[in-house]
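Okay, final10.cif now, which holds mmCIF, C-alpha atoms and all ligand atoms:
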```
data_run
#
loop_
_atom_site.label_atom_id
_atom_site.label_comp_id
_atom_site.auth_asym_id
_atom_site.auth_seq_id
_atom_site.Cartn_x
_atom_site.Cartn_y
_atom_site.Cartn_z
CA MET I 1 70.46 80.83 137.94
CA PHE I 2 71.70 82.89 135.00
CA THR I 3 74.66 81.34 133.24
CA ASN I 4 75.14 83.34 130.05
CA VAL I 5 74.71 86.88 128.97
CA GLU I 6 74.57 88.20 125.42
CA TRP I 7 75.45 91.82 125.43
CA ASP I 8 75.49 94.80 123.19
CA VAL I 9 76.23 98.48 123.75
CA GLU I 10 72.93 100.20 123.04
CA ASP I 11 74.33 103.69 123.30
CA ASP I 12 76.97 105.44 125.37
CA GLU I 13 74.98 104.96 128.51
CA LYS I 14 73.34 101.59 128.29
CA LEU I 15 74.38 98.00 128.05
CA HIS I 16 71.72 95.75 126.61
CA ILE I 17 71.92 92.24 127.97
CA SER I 18 70.00 89.05 127.41
CA LEU I 19 70.21 86.60 130.26
CA PHE I 20 70.05 82.87 129.68
CA GLY I 21 69.36 80.05 132.09
CA LYS I 22 71.30 76.77 132.38
CA LYS I 23 69.32 75.17 129.55
CA LYS I 24 70.21 78.08 127.29
CA LYS I 25 66.64 79.29 127.57
CA LYS I 26 66.35 83.04 127.27
CA MET I 27 65.16 84.30 130.62
CA LYS I 28 65.34 88.06 130.54
CA ASP I 29 66.26 91.09 128.46
CA LYS I 30 67.75 93.95 130.41
CA SER I 31 69.19 97.33 129.77
CA ILE I 32 71.76 98.26 132.33
CA LYS I 33 72.95 101.73 133.06
CA VAL I 34 76.68 101.94 132.66
CA HIS I 35 78.37 104.09 135.28
CA ASP I 36 81.97 103.30 134.56
CA HIS I 37 82.87 102.93 130.88
CA SER I 38 86.53 102.39 131.63
CA SER I 39 85.70 98.97 133.05
CA ILE I 40 84.28 97.74 129.76
CA ASP I 41 86.88 96.28 127.47
CA PRO I 42 85.67 96.84 123.89
CA SER I 43 87.88 94.03 122.62
CA LEU I 44 85.93 91.38 124.52
CA THR I 45 84.98 88.66 122.12
CA LYS I 46 82.93 85.53 122.02
CA VAL I 47 84.04 83.28 124.83
CA LYS I 48 86.02 85.55 127.10
CA LYS I 49 84.91 85.85 130.68
CA PHE I 50 83.61 89.19 131.69
CA LYS I 51 83.10 90.28 135.25
CA LEU I 52 80.03 92.41 135.32
CA SER I 53 80.46 94.17 138.59
CA LYS I 54 77.51 95.14 140.69
CA ARG I 55 78.78 98.67 140.55
CA LEU I 56 78.39 98.55 136.76
CA ALA I 57 75.08 96.84 136.76
CA GLY I 58 72.54 98.47 138.91
CA ASP I 59 70.33 95.50 138.36
CA LYS I 60 68.38 94.11 141.28
CA SER I 61 67.76 90.67 139.77
CA ILE I 62 71.48 90.03 139.31
CA LYS I 63 72.22 91.10 142.85
CA ALA I 64 69.57 88.77 144.10
CA LYS I 65 71.03 85.79 142.28
CA LYS I 66 74.65 86.19 143.34
CA ASP I 67 75.91 87.48 146.57
CA LYS I 68 79.49 88.25 145.54
CA LYS I 69 81.36 91.41 144.72
CA SER I 70 81.19 90.57 141.05
CA VAL I 71 79.30 88.16 138.84
CA ASP I 72 80.98 86.03 136.15
CA PHE I 73 79.27 85.82 132.79
CA GLN I 74 80.17 84.16 129.56
CA ILE I 75 80.31 86.70 126.75
CA VAL I 76 78.43 85.35 123.76
CA GLU I 77 78.42 88.35 121.47
CA SER I 78 81.03 91.01 121.03
CA PRO I 79 79.97 94.62 121.54
CA ARG I 80 78.39 96.39 118.59
CA LYS I 81 81.09 97.87 116.39
CA THR I 82 81.62 101.60 116.18
CA LYS I 83 81.64 103.35 112.78
CA GLU I 84 85.47 103.64 112.88
CA SER I 85 86.12 100.02 113.77
CA LYS I 86 83.63 98.92 111.09
CA SER I 87 85.39 100.91 108.37
CA SER I 88 88.87 99.79 109.44
CA ALA I 89 87.68 96.17 109.47
CA LEU I 90 86.32 96.70 105.96
CA ALA I 91 89.62 98.23 104.81
CA ASP I 92 91.48 95.22 106.27
CA LYS I 93 89.13 92.85 104.47
CA VAL I 94 89.58 94.65 101.13
CA ALA I 95 93.39 94.74 101.55
CA LYS I 96 93.40 91.01 102.36
CA LYS I 97 91.27 90.22 99.31
CA MET I 98 93.54 92.31 97.08
CA SER I 99 96.74 90.67 98.31
CA GLY I 100 95.06 87.25 97.94
CA ALA I 101 94.12 88.12 94.36
CA ARG I 102 97.67 89.32 93.60
CA PHE I 103 99.15 86.15 95.08
CA ARG I 104 96.87 83.99 92.95
CA TRP I 105 97.77 86.01 89.85
CA ILE I 106 101.56 85.67 90.40
CA ASN I 107 101.19 82.01 91.31
CA GLU I 108 99.23 81.25 88.15
CA LYS I 109 101.75 83.18 86.08
CA LEU I 110 104.67 81.18 87.53
CA TYR I 111 102.98 77.88 86.73
CA THR I 112 102.01 78.82 83.21
CA CYS I 113 104.99 80.72 81.81
CA THR I 114 108.56 79.75 81.01
CA SER I 115 111.27 80.43 83.57
CA THR I 116 112.71 83.05 81.19
CA ASP I 117 109.42 84.97 81.39
CA ALA I 118 109.37 84.57 85.17
CA VAL I 119 112.89 86.04 85.41
CA LYS I 120 111.64 89.00 83.35
CA LEU I 121 108.56 89.41 85.55
CA PHE I 122 110.57 89.57 88.78
CA SER I 123 113.33 91.74 87.35
CA GLU I 124 110.73 94.30 86.26
CA ASP I 125 109.07 94.24 89.69
CA PRO I 126 110.96 92.40 92.48
CA HIS I 127 108.17 93.37 94.90
CA LEU I 128 106.00 90.72 93.21
CA PHE I 129 108.31 88.11 94.70
CA THR I 130 107.66 89.42 98.23
CA LEU I 131 103.92 89.41 97.54
CA TYR I 132 104.12 85.88 96.23
CA HIS I 133 105.94 84.64 99.31
CA GLN I 134 103.56 86.44 101.69
CA GLY I 135 100.68 84.62 100.00
CA PHE I 136 102.56 81.33 99.94
CA ARG I 137 103.27 81.58 103.68
CA GLU I 138 99.55 82.05 104.29
CA GLN I 139 98.79 78.93 102.26
CA VAL I 140 101.40 76.95 104.18
CA HIS I 141 99.75 77.96 107.49
CA GLN I 142 96.57 76.28 106.31
CA TRP I 143 98.28 72.98 105.52
CA PRO I 144 98.33 70.27 108.16
CA LEU I 145 101.88 69.49 107.06
CA ASN I 146 104.62 71.45 105.29
CA PRO I 147 106.76 69.15 103.10
CA LEU I 148 109.69 71.46 103.72
CA GLU I 149 109.76 70.16 107.32
CA ASN I 150 110.02 66.59 105.97
CA LEU I 151 112.85 67.68 103.70
CA ILE I 152 114.67 69.28 106.64
CA GLU I 153 114.30 66.06 108.65
CA TYR I 154 115.61 64.05 105.71
CA VAL I 155 118.69 66.27 105.27
CA ARG I 156 119.42 66.22 109.02
CA GLY I 157 119.81 62.46 108.68
CA LEU I 158 122.45 62.74 105.93
CA PRO I 159 126.21 62.60 106.61
CA PRO I 160 127.50 66.09 107.50
CA GLN I 161 129.77 66.34 104.45
CA THR I 162 126.82 65.91 102.01
CA ILE I 163 126.52 68.81 99.56
CA ILE I 164 123.00 69.83 98.67
CA ALA I 165 121.45 71.99 95.95
CA ASP I 166 118.04 73.45 96.82
CA PHE I 167 116.37 74.36 93.53
CA GLY I 168 113.62 76.96 94.09
CA CYS I 169 114.50 77.47 97.76
CA GLY I 170 112.14 80.38 98.49
CA GLU I 171 113.45 81.87 101.73
CA ALA I 172 116.20 79.21 102.03
CA LYS I 173 114.77 77.74 105.20
CA LEU I 174 116.53 74.44 104.48
CA ALA I 175 119.97 76.10 104.39
CA GLN I 176 119.16 77.85 107.66
CA SER I 177 117.99 74.67 109.39
CA VAL I 178 120.80 72.18 108.75
CA PRO I 179 124.57 72.15 109.31
CA HIS I 180 125.26 70.88 105.76
CA THR I 181 126.47 72.90 102.79
CA VAL I 182 123.30 73.90 100.97
CA HIS I 183 123.42 75.90 97.74
CA SER I 184 120.08 77.70 97.57
CA PHE I 185 118.68 79.04 94.30
CA ASP I 186 115.67 81.15 93.52
CA PHE I 187 114.66 83.95 91.16
CA VAL I 188 115.14 86.62 93.83
CA ALA I 189 117.49 86.61 96.83
CA VAL I 190 115.35 87.46 99.84
CA ASN I 191 118.35 86.92 102.13
CA GLU I 192 122.08 86.20 102.00
CA TYR I 193 121.56 82.43 101.76
CA VAL I 194 119.93 82.65 98.33
CA THR I 195 121.76 82.84 95.02
CA PRO I 196 119.44 84.61 92.58
CA CYS I 197 119.15 82.79 89.26
CA ASP I 198 116.91 80.73 87.04
CA MET I 199 117.32 77.17 88.31
CA SER I 200 117.59 75.93 84.74
CA ASN I 201 121.07 77.44 84.83
CA VAL I 202 122.72 77.49 88.26
CA PRO I 203 126.28 78.64 89.03
CA LEU I 204 127.61 75.21 90.11
CA ASP I 205 130.24 72.94 88.57
CA ASP I 206 129.33 69.68 86.87
CA SER I 207 128.97 66.73 89.28
CA SER I 208 129.60 68.92 92.34
CA VAL I 209 126.51 68.02 94.36
CA ASP I 210 125.40 64.88 96.27
CA VAL I 211 121.71 65.68 96.71
CA GLY I 212 119.42 67.92 94.66
CA VAL I 213 115.96 68.94 95.91
CA PHE I 214 112.85 70.36 94.30
CA CYS I 215 110.50 71.18 97.14
CA LEU I 216 107.24 72.45 95.62
CA SER I 217 109.35 74.38 93.15
CA LEU I 218 108.54 72.67 89.85
CA MET I 219 106.80 75.67 88.37
CA GLY I 220 106.85 76.88 84.78
CA THR I 221 106.42 75.19 81.45
CA ASN I 222 110.04 74.11 80.98
CA LEU I 223 110.34 71.58 83.83
CA VAL I 224 112.58 69.34 81.77
CA ASP I 225 115.27 72.07 81.78
CA TYR I 226 115.38 71.92 85.61
CA PHE I 227 115.89 68.16 85.60
CA ILE I 228 118.61 68.41 82.96
CA GLU I 229 120.36 71.04 85.11
CA ALA I 230 120.00 68.86 88.21
CA ARG I 231 121.51 65.98 86.25
CA ARG I 232 124.46 68.19 85.26
CA VAL I 233 125.34 69.32 88.81
CA LEU I 234 124.65 65.97 90.51
CA ARG I 235 127.38 63.38 90.78
CA LEU I 236 126.65 59.94 89.34
CA LYS I 237 124.51 57.97 91.84
CA GLY I 238 123.62 61.26 93.52
CA THR I 239 120.09 61.67 94.90
CA LEU I 240 117.27 63.83 93.61
CA LYS I 241 114.32 64.50 95.93
CA VAL I 242 111.02 65.80 94.60
CA TYR I 243 108.35 66.97 97.05
CA GLU I 244 105.15 67.80 95.20
CA ILE I 245 101.42 68.21 95.46
CA GLN I 246 100.03 64.81 94.46
CA SER I 247 97.16 66.24 92.44
CA ARG I 248 99.66 67.89 90.08
CA LEU I 249 100.64 64.45 88.79
CA SER I 250 98.13 63.11 86.26
CA SER I 251 99.69 59.75 87.01
CA ILE I 252 102.65 58.96 89.23
CA ASP I 253 103.86 56.33 86.79
CA SER I 254 103.92 58.66 83.81
CA PHE I 255 105.74 61.39 85.76
CA VAL I 256 108.29 58.84 86.99
CA SER I 257 108.83 57.51 83.48
CA GLN I 258 109.39 61.07 82.20
CA VAL I 259 112.04 61.73 84.89
CA GLU I 260 113.63 58.33 84.33
CA SER I 261 113.88 59.04 80.59
CA ILE I 262 116.51 61.69 81.24
CA GLY I 263 118.78 59.45 83.30
CA PHE I 264 117.27 59.02 86.79
CA LYS I 265 115.89 55.91 88.49
CA LEU I 266 113.07 55.97 91.03
CA THR I 267 114.31 54.60 94.37
CA GLY I 268 111.63 55.75 96.79
CA LYS I 269 108.02 56.88 96.82
CA LYS I 270 106.13 58.06 99.89
CA CYS I 271 102.80 59.83 100.30
CA LEU I 272 103.32 62.30 103.16
CA ASN I 273 99.56 62.74 103.50
CA LYS I 274 96.63 63.08 101.08
CA LEU I 275 98.17 66.24 99.65
CA PHE I 276 101.90 65.68 99.22
CA ILE I 277 104.19 63.09 97.72
CA ASP I 278 107.92 62.55 98.25
CA LEU I 279 109.74 60.93 95.32
CA GLU I 280 113.38 59.91 95.44
CA PHE I 281 115.52 59.28 92.38
CA LYS I 282 119.16 58.26 91.90
CA LEU I 283 121.20 59.51 88.97
CA ARG I 284 122.02 56.54 86.77
CA LYS I 285 123.34 58.25 83.64
CA LYS I 286 125.03 61.62 83.22
CA SER I 287 123.89 61.89 79.64
CA VAL I 288 121.07 60.46 77.57
CA PRO I 289 120.46 60.99 73.83
CA CYS I 290 117.91 63.80 73.42
CA SER I 291 115.78 61.57 71.22
CA SER I 292 114.96 59.30 74.16
CA CYS I 293 114.21 62.14 76.63
CA LYS I 294 110.54 62.74 77.32
CA ASP I 295 109.07 66.11 78.19
CA ILE I 296 108.29 66.50 81.90
CA THR I 297 104.85 67.82 82.73
CA LEU I 298 102.81 68.54 85.85
CA LYS I 299 99.46 70.24 86.24
CA PRO I 300 99.64 73.81 87.54
CA CYS I 301 98.72 74.28 91.17
CA LEU I 302 96.11 77.04 91.19
CA TYR I 303 94.69 78.24 94.49
CA LYS I 304 90.97 78.85 94.84
CA ARG I 305 89.49 82.23 95.63
CA ARG I 306 88.20 82.28 99.22
C1 LIG U 401 106.17 77.26 96.27
S1 LIG U 401 107.71 78.00 96.52
C2 LIG U 401 108.51 76.82 97.57
C3 LIG U 401 109.72 77.38 98.24
C4 LIG U 401 110.50 76.40 99.12
N1 LIG U 401 111.09 75.34 98.36
C5 LIG U 401 109.59 75.85 100.18
O1 LIG U 401 109.27 74.66 100.14
O2 LIG U 401 109.21 76.62 101.06
C6 LIG U 401 108.48 77.69 94.97
C7 LIG U 401 109.71 78.50 94.75
O3 LIG U 401 110.36 78.01 93.58
C8 LIG U 401 110.88 79.12 92.91
N2 LIG U 401 111.11 78.79 91.50
C9 LIG U 401 110.24 78.24 90.63
N3 LIG U 401 110.79 78.14 89.41
C10 LIG U 401 112.06 78.63 89.52
C11 LIG U 401 113.12 78.81 88.60
N4 LIG U 401 113.01 78.47 87.32
N5 LIG U 401 114.26 79.33 89.06
C12 LIG U 401 114.40 79.71 90.35
N6 LIG U 401 113.42 79.57 91.26
C13 LIG U 401 112.26 79.04 90.85
C14 LIG U 401 109.82 80.19 93.10
O4 LIG U 401 110.33 81.47 92.87
C15 LIG U 401 109.43 79.96 94.53
O5 LIG U 401 110.18 80.73 95.41
#
```
Please render this file's structure as structure tokens.
Amino acid sequence: MFTNVEWDVEDDEKLHISLFGKKKKKMKDKSIKVHDHSSIDPSLTKVKKFKLSKRLAGDKSIKAKKDKKSVDFQIVESPRKTKESKSSALADKVAKKMSGARFRWINEKLYTCTSTDAVKLFSEDPHLFTLYHQGFREQVHQWPLNPLENLIEYVRGLPPQTIIADFGCGEAKLAQSVPHTVHSFDFVAVNEYVTPCDMSNVPLDDSSVDVGVFCLSLMGTNLVDYFIEARRVLRLKGTLKVYEIQSRLSSIDSFVSQVESIGFKLTGKKCLNKLFIDLEFKLRKKSVPCSSCKDITLKPCLYKRR
């Protein structure tokens, strides 16, 4: 009995099929006259079922094998592409490659310039921010886990009166997912939840926040400025959460000692999976002499070309 059929539109009139037996052995090649084109769905792809009706296939051998009104086949190959669909697929591919390349360019820029230069970049062309976030969303879809979801779960467990500052909030998904007061900061306001600013200088009073978060937002070459700003707005004993890509840390210990040098104390460390780490600090000192502050460094996170 035939179980599979590979098919291809030979021309407007004919359907070329290869019939396979149960053991996937090729049994026959056939060209079938097509009487009713409207019954052939050109979008049929690899594993969709296709009912090849007897009316469509004036093929004696098929009739002999199955005595039903229609015969079920497994589609193995999609129909040969027309010139138009080929060129639109090519245009899609080129557009995808270009937006991927632009995303990688903006991403690299953000990791390797100062936040002042990033502000300039986005103020000259705010569309770059949209492009960046389109690309970032695509990256997130490929991850088995999005640390932002862990952050949301963490905040949901906090007392409802807790005040949070989300530094580098992106689309402010945290603020939209929890009942708490969340101040969300990013270079560009993509919606009404976001306050546009450089997070090294946010419009919040000193010691006005209980929890500060950096969720994958430690970009730029002046990371220490962000931690100093977080220290300013956090109340003493307030919490600072850092969700990062583990491979950005040359060593966890040296990163922790850099953050601790400006007044924080590590209170929690959790690897979310092989990719991401969740570090929790408490604010121990509101001020530290500059001479004892270390610089804070992380490796840039550069995405590979696919
Ligand atoms: C990788 S995205 C992550 C966004 C969000 N936290 C999330 O987890 O979905 C990093 C965000 O941090 C923002 N960011 C980085 N440095 C910043 C700065 N100095 N000031 C404001 N936003 C900054 C970027 O613009 C970007 O939107």
Selection as an MDAnalysis selection string: residues within 9 Å of ligand LIG 401 (chain U) by only C-alpha atoms and all ligand atoms: chainID I and resid 107 110:111 114:116 118:119 129 132:133 136:137 140 146:149 151 166:174 185:188 196:202 213:220 222:223 225:226 243
For Ile106 (chain I), work out the shell of residues within 12 Å, counting all atoms listed in the file and skipping chain neighbours fewer than 2 positions away, then give it as JSON, numbers by chain. {"I": [99, 100, 101, 102, 103, 104, 108, 109, 110, 111, 112, 113, 117, 118, 121, 122, 125, 126, 127, 128, 129, 130, 131, 132, 133, 134, 135, 136, 219, 220, 301, 302, 303]}
Shell around Leu266 (chain I) at 7 Å using all atoms listed in the file, local window under 2 positions removed, as a CSV table (one decimal) with C-alpha atoms, keeping the file's coordinate frame:
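Saved as result-v7.csv:
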```
chain,number,residue,atom,x,y,z
I,256,VAL,CA,108.3,58.8,87.0
I,264,PHE,CA,117.3,59.0,86.8
I,268,GLY,CA,111.6,55.8,96.8
I,280,GLU,CA,113.4,59.9,95.4
I,281,PHE,CA,115.5,59.3,92.4
I,282,LYS,CA,119.2,58.3,91.9
```
Between I:Leu275, I:Phe227, I:Asp253, I:Lys270, which one has atoms that come closest to Cys293 (chain I), using all atoms listed in the file?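 Among the listed residues, the smallest separation from Cys293 (chain I) belongs to I:Phe227.
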One number please: CA of Val155 (chain I) to CA of His183 (chain I), in Å, one decimal.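 Taking CA of Val155 (chain I) and CA of His183 (chain I), their separation equals 13.1 Å.
Between CA of Lys265 (chain I) and CA of Val288 (chain I) lies a distance of 12.9 Å.
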Please determine the residues with any atom at most 7 Å from (105.5, 64.1, 104.8) (coordinates as given in the file, with all atoms listed in the file counting) and report them as JSON, numbers by chain. {"I": [145, 147, 150, 271, 272, 273, 276]}
